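Enquirer: Below is a structure I'd like to ask you about.
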Amino acid sequence: MDVSKKYKGVTRYVYKDKEYTLEDGLAAKVAKGGSGIWGTMPMPANFPAVSEADIKELVKFILNLAK
Ligand code: HEM
């Protein structure tokens with residue numbers, strides 16, 4: 001819910017110095033991991049344990065929680 005609220009109204013997302021649409025950028029972050037947005041604790045890579053299609057679906061689900 002906090003993630004969904006944070007990105008309400010946001011359309012672009014920068015991941016590793018590259019700009020993406022919000023959904024694509026968050027999907028890349030979830031797939032490959034990263035840190036620095038919520039604190040210093042990194043999220044580990046979730047791909048290939050979770051498929052690209054499932055990651056996209058999960059990101060959409062999360063972003064829709066606060067709508
Ligand atoms: C498929 C499973 C997962 C999904 C869909 C998911 C989704 C997300 C999303 C959407 C964010 C926000 C990213 C941002 O604002 O830049 C996030 C951040 C984060 N996640 Fe995950 N996550 C998953 C698995 C995990 C796991 C397994 C861990 C830890 C063991 C984890 C730890 C974190 C941490 C620490 C952050 C904050 C990263 C930062 O500050 O930039 N996540 N996650």
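Identifiers in this document derive from the order of the structure tokens: chains are assigned A, B, ..., residues are numbered from 1 separately in each chain, and ligands are numbered from 1 in order of occurrence.
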To check your reading of the model: which residues sit at most 7 Å from ligand 1 when counting only C-alpha atoms and all ligand atoms? Write the answer as a PyMOL selection string.
Expert: chain A and resi 3+26+29-30+34-44+46+50+55+58-59+62
Enquirer: May I have the residues from that selection written out with C-alpha atoms, as a PDB file, in the first residue's frame?
Expert:
```
ATOM      1  CA  VAL A   3       4.447   1.678  -2.573  1.00  0.00           C
ATOM      2  CA  LEU A  26       9.435  -0.955 -11.223  1.00  0.00           C
ATOM      3  CA  LYS A  29      13.769  -3.044 -10.201  1.00  0.00           C
ATOM      4  CA  VAL A  30      11.829  -6.069  -8.904  1.00  0.00           C
ATOM      5  CA  GLY A  34      18.175  -2.524  -5.950  1.00  0.00           C
ATOM      6  CA  SER A  35      18.086  -0.092  -3.049  1.00  0.00           C
ATOM      7  CA  GLY A  36      17.993   3.580  -2.171  1.00  0.00           C
ATOM      8  CA  ILE A  37      14.333   4.520  -2.583  1.00  0.00           C
ATOM      9  CA  TRP A  38      12.995   3.343   0.792  1.00  0.00           C
ATOM     10  CA  GLY A  39      16.305   3.080   2.601  1.00  0.00           C
ATOM     11  CA  THR A  40      19.637   1.327   2.313  1.00  0.00           C
ATOM     12  CA  MET A  41      18.287  -2.251   2.561  1.00  0.00           C
ATOM     13  CA  PRO A  42      18.470  -3.767  -0.939  1.00  0.00           C
ATOM     14  CA  MET A  43      15.743  -5.822  -2.556  1.00  0.00           C
ATOM     15  CA  PRO A  44      17.358  -8.936  -4.006  1.00  0.00           C
ATOM     16  CA  ASN A  46      13.572 -11.843  -8.022  1.00  0.00           C
ATOM     17  CA  VAL A  50       9.680 -15.166 -10.550  1.00  0.00           C
ATOM     18  CA  ILE A  55       6.597  -9.618 -12.037  1.00  0.00           C
ATOM     19  CA  LEU A  58       2.531  -8.115  -9.403  1.00  0.00           C
ATOM     20  CA  VAL A  59       3.698  -4.564 -10.129  1.00  0.00           C
ATOM     21  CA  ILE A  62       0.639  -3.252  -6.252  1.00  0.00           C
TER      22      ILE A  62
END
```
Enquirer: Identify, with DSSP run on backbone atoms, the residues in chain A assigned to strand (DSSP E), and express the list as a list in words.
Expert: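 Of chain A, only Arg12, Tyr13, Val14, Tyr15, Lys18, Glu19, Tyr20 and Thr21 of chain A fall in strand (DSSP E).
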Enquirer: Give me a file of those residues, with C-alpha atoms, as a PDB file, in the first residue's frame.
Expert:
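Contents of out-v9.pdb, freshly written:
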```pdb
ATOM      1  CA  ARG A  12       8.163   7.791 -15.063  1.00  0.00           C
ATOM      2  CA  TYR A  13      10.696   5.835 -13.022  1.00  0.00           C
ATOM      3  CA  VAL A  14      14.498   5.982 -13.147  1.00  0.00           C
ATOM      4  CA  TYR A  15      16.300   2.696 -12.534  1.00  0.00           C
ATOM      5  CA  LYS A  18      17.763   4.955 -17.200  1.00  0.00           C
ATOM      6  CA  GLU A  19      14.252   6.366 -17.404  1.00  0.00           C
ATOM      7  CA  TYR A  20      11.315   4.025 -17.967  1.00  0.00           C
ATOM      8  CA  THR A  21       7.553   4.173 -17.723  1.00  0.00           C
TER       9      THR A  21
END
```
Enquirer: Based on the backbone DSSP call, show me all residues of chain A assigned helix (DSSP H, G or I), as a PyMOL selection string.
Expert: chain A and resi 2-6+22-32+52-64
Enquirer: Nearest residue to Lys32 (chain A) out of A:Phe47, A:Lys60, A:Lys6, A:Ala53, using only C-alpha atoms?
Expert: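 Ranking A:Phe47, A:Lys60, A:Lys6, A:Ala53 by distance to Lys32 (chain A), first place goes to A:Phe47.
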Enquirer: Find the residue from A:Asn64, A:Ser51, A:Tyr7, A:Asp2 that sits nearest to Leu22 (chain A); use only C-alpha atoms when measuring.
Expert: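 Result for the nearest residue to Leu22 (chain A): A:Tyr7.
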Enquirer: Between A:Ala28, A:Phe61, A:Lys67, A:Asp17, single out the one closest to Pro48 (chain A), counting only C-alpha atoms.
Expert: A:Ala28
Enquirer: Take CA of Glu23 (chain A) and CA of Thr11 (chain A) and report the distance between them in Å, one decimal.
Expert: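 About the pair CA of Glu23 (chain A) and CA of Thr11 (chain A): they are 8.1 Å apart.
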